[in-house]
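Take a look at the structure set out below.
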Amino acid sequence: MSQDSNSIPAIRADRLCLTFDSNDGPVHALKDVDLTIEKGDFVSFIGPSGCGKTTLLRVIADLEHPTGGAISVNGKTPEEARLAGAYGYVFQAPALLAWRTIERNIGLPLEIMGISRAEQAERVKRTLELVGLDGFGRKFPWQLSGGMQQRASIARALAFDAELLLMDEPFGALDEIVRDHLNEQLLQLWKKTGKTICFVTHSIPEAVYLSTRIVVMSPRPGRVTDIIESDLPAERPLDIRESKRFLEIAQRVRNGLREGHSYD
Amino acid sequence: MTGMVNRVAPIAVVVAAIMIIWYGFTVHLNAPWQIDRYEKAGTEWQMRDLVRDTMAQERPVLPAPHQIVAEIWKTTVKKKITSKRSLIYHGSVTLSSTLLGFAMGTILGIGLAVSIVENRAMDKSLMPWIITSQTIPILAIAPMIIVVLNAVGLSGLVPKAMISTYLSFFPVVVGMVKGLRSPDPMLMDLMRTYRSSRLQTFWKLRLPASVPFLFASMKVAIAISLVGAIVGELPTGAVAGLGARLLAGSYYGQTIQIWSALISAACMAAILVGVVGVISHLTLRRMGLRA
């Protein structure tokens with residue numbers, strides 16, 4: 001049984017299409033996307049705005065509905081996966097409720113899912129430690145820095161033990177120093193928990209530093225132009241970004257982006 | 001200390017300016033009657049006499065501020081509360097219907113806002129009527145409310161409070177609808193990823209998010225509740241309340257009485273808005289919404 005469920009990919013998309021109707025005619029946000037993400041992968045989606053990377057993440061999360069093709073999450077439909085609590089979603093902004101303390105923000109999904117109070121407290125404590133926010137549980141969001149708020153929102157996504165973590169440019173609004181720090185922490189967290197992570201970004205160094213696989217996308221219509229397997233070692237200090245191999249992979253990502261995109 | 005001065009000084013300057021203009025108009029507006037009187041009595045008069053006498057008339061066109069203050073002092077501190085001439089007695093009558101009307105208006109407003117936000121049909125059908133209700137002048141509709149309610153056996157406090165309700169529910173509906181809809185789409189998506197039910201989303205997201213909006217609306221609502229209560233006292237021939245004092249004053253040309261009732265009503269409104277403000281501040285701070 002366990003072997004069986006392990007062989008099911010975390011995400012499988014097959015000729016996935018999503019077309020929005022707009023006043024200027026149909027917009028092909030996603031066109032014929034084929035993609036398989038195995039359990040335990042750290043996959044980055046990179047591309048210019050309008051390439052459908054966020055839309056793809058939202059389709060996986062059952063926040064948008066595809067207009068063609070097929071997609072499965074843990075072998076189920078996105079809706080079934082959502083109802084089963086299969087993933088935690090981290091947005092661009094921390095999206096914390098201002099009137100709840102950090103503790104109670106992290107406890108929010110647990111409350112909604114009807115988990116007992118004792119277990120809520122235990123899980124909140126554990127996830128706070130996991131993201132390095134122990135001692136800040138009683139603070140309100142505004143009392144924390146932007147980076148800490150985003151860590152709290154990651155803790156919230158981890159609190160209900162979903163196997164899959166969907167992250168939509170979570171560090172996009174943060175300054176580079178904080179961003180480096182959080183990238184390092186996220187990598188450690190991924191190693192510690194063995195979760196599958198889908199990470200949307202438009203930073204090439206961030207994508208290369210974090211990922212086991214990088215999905216390069218291009219706009220109009222939104223499609224996958226290249227999938228790059230990274231063979232960087234599992235142990236990645238920040239200065240790996242100056243290594244030859246790192247720069248080679250980054251160059252390939254850059255080329256992929258250039259091919260798919262006309263800069264006019 | 002300087003902070004105090006900085007805050008008080010501008011207000012003091014404005015008050016002083018208003019007082020000077022007021023006294024000027026007092027003399028100017030009351031002078032014709034006074035001069036007429038001098039001439040009829042054949043008394044010699046000088047400017048000094050005119051200024052003094054225009055500020056001491058019994059039924060002036062415009063009473064001087066100190067006359068109003070004296071009248072308020074006389075009818076509050078110096079009168080027994082049970083006296084029919086006590087402003088405190090009249091004020092408390094108006095206050096009770098203000099508070100009842102405000103409470104009913106707030107509850108009605110919240111109820112309507114919730115049904116508008118949670119039900120698309122209600123949104124389409126109710127909102128135009130709610131807006132229309134406020135385009136009808138309250139002075140036109142107040143007597144009818146009183147008469148109709150009287151016919152079904154309701155008199156006294158409730159009909160007056162209904163007029164306050166009629167006025168005060170409106171800002172609460174508008175503010176509360178805005179508040180319930182204020183959560184960012186991102187937060188709505190977040191709740192969806194937790195497979196949150198409509199009810200859970202309401203209690204855990206929409207309702208707490210609406211609290212600051214509710215308090216802002218309640219500040220407006222309580223002030224117009226007072227207006228509603230006073231207006232409600234006008235057509236009923238009520239014998240008690242600030243509205244009744246205004247009406248009686250105008251029947252008998254008691255301008256000082258009118259002005260003192262007016263000033264008392266204004267002070268009461270300021271205090272009521274202030275009280276709601278303090279409750280709002282404390283609640284929001286408890287919710288962690290403000291430093």
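Note on naming: chains are A, B, ... as they come in the structure tokens, residues start from 1 per chain, ligands start from 1 in the order shown.
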- Message: At a cut-off of 12 Å, using only C-alpha atoms, what residues contact A:Ala121? Leave out same-chain residues fewer than 6 positions from it and give the result as a PyMOL selection string.
- Response: chain A and resi 103-108+110-111+115+127-128+137+159-160
- Item | Residues of chain A within 6 Å of chain B, only C-alpha atoms counted, as a PyMOL selection string | chain A and resi 83+99+109
Write to file, as a compact mmCIF listing (two decimals), in the first residue's frame, the residues of the selection just made, with N, CA and C atoms.
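The new file part-v1.txt reads:
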```
# COMPACT_ATOMS: atom_id res chain seq x y z
N LEU A 83 -10.08 19.00 -0.59
CA LEU A 83 -10.97 18.59 0.50
C LEU A 83 -10.28 17.64 1.46
N TRP A 99 -6.27 40.36 13.53
CA TRP A 99 -6.84 40.33 14.87
C TRP A 99 -6.48 39.05 15.61
N PRO A 109 -6.16 27.02 10.40
CA PRO A 109 -6.57 25.84 9.62
C PRO A 109 -6.94 24.66 10.52
```
- Can you list, as a ChimeraX atom specification, every protein, DNA or RNA residue that comes within 6 Å of stretch 153-168 of chain B when you count only C-alpha atoms, leaving out same-chain residues fewer than 4 positions away? /B:97,100-102,104-105,146,149,221,225,228-229,232
- Please provide as a PyMOL selection string all residues within 12 Å of A:Gln251, with the sequence filter that same-chain residues fewer than 4 positions apart are discarded (counting only C-alpha atoms). chain A and resi 204-205+208+228+244-247+255-258
- Task: Would you kindly return, as a list of chain:residue names, each protein, DNA or RNA residue with an atom no farther than 9 Å from any atom of B:Val177, considering only C-alpha atoms and excluding same-chain residues fewer than 4 positions away?
- Result: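 These residues fall inside the cut-off: B:Ile110, B:Leu112, B:Ala113, B:Val114, B:Ile116, B:Val117, B:Val172, B:Val173, B:Arg181, B:Ser182, B:Ser210, B:Phe213.
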- Item | Who sits within 6 Å of stretch 87-98 of chain A, only C-alpha atoms, same chain under 6 positions skipped, as a PyMOL selection string | chain A and resi 149-150+153+157+162+164-170
- Just the residues within 10 Å of A:Glu235, please, counting only C-alpha atoms, with nothing from its chain fewer than 3 positions along; format it as a ChimeraX atom specification. /A:187-188,191,232,238,240
- Query: So how many Å separate atom CA of B:Pro143 and atom CA of B:Ile263, to one decimal?
  - Reply: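 Rounded to one decimal, the two atoms are 24.5 Å apart.
Put simply, atom CA of A:Gly147 is 11.1 Å away from atom CA of A:Val131.
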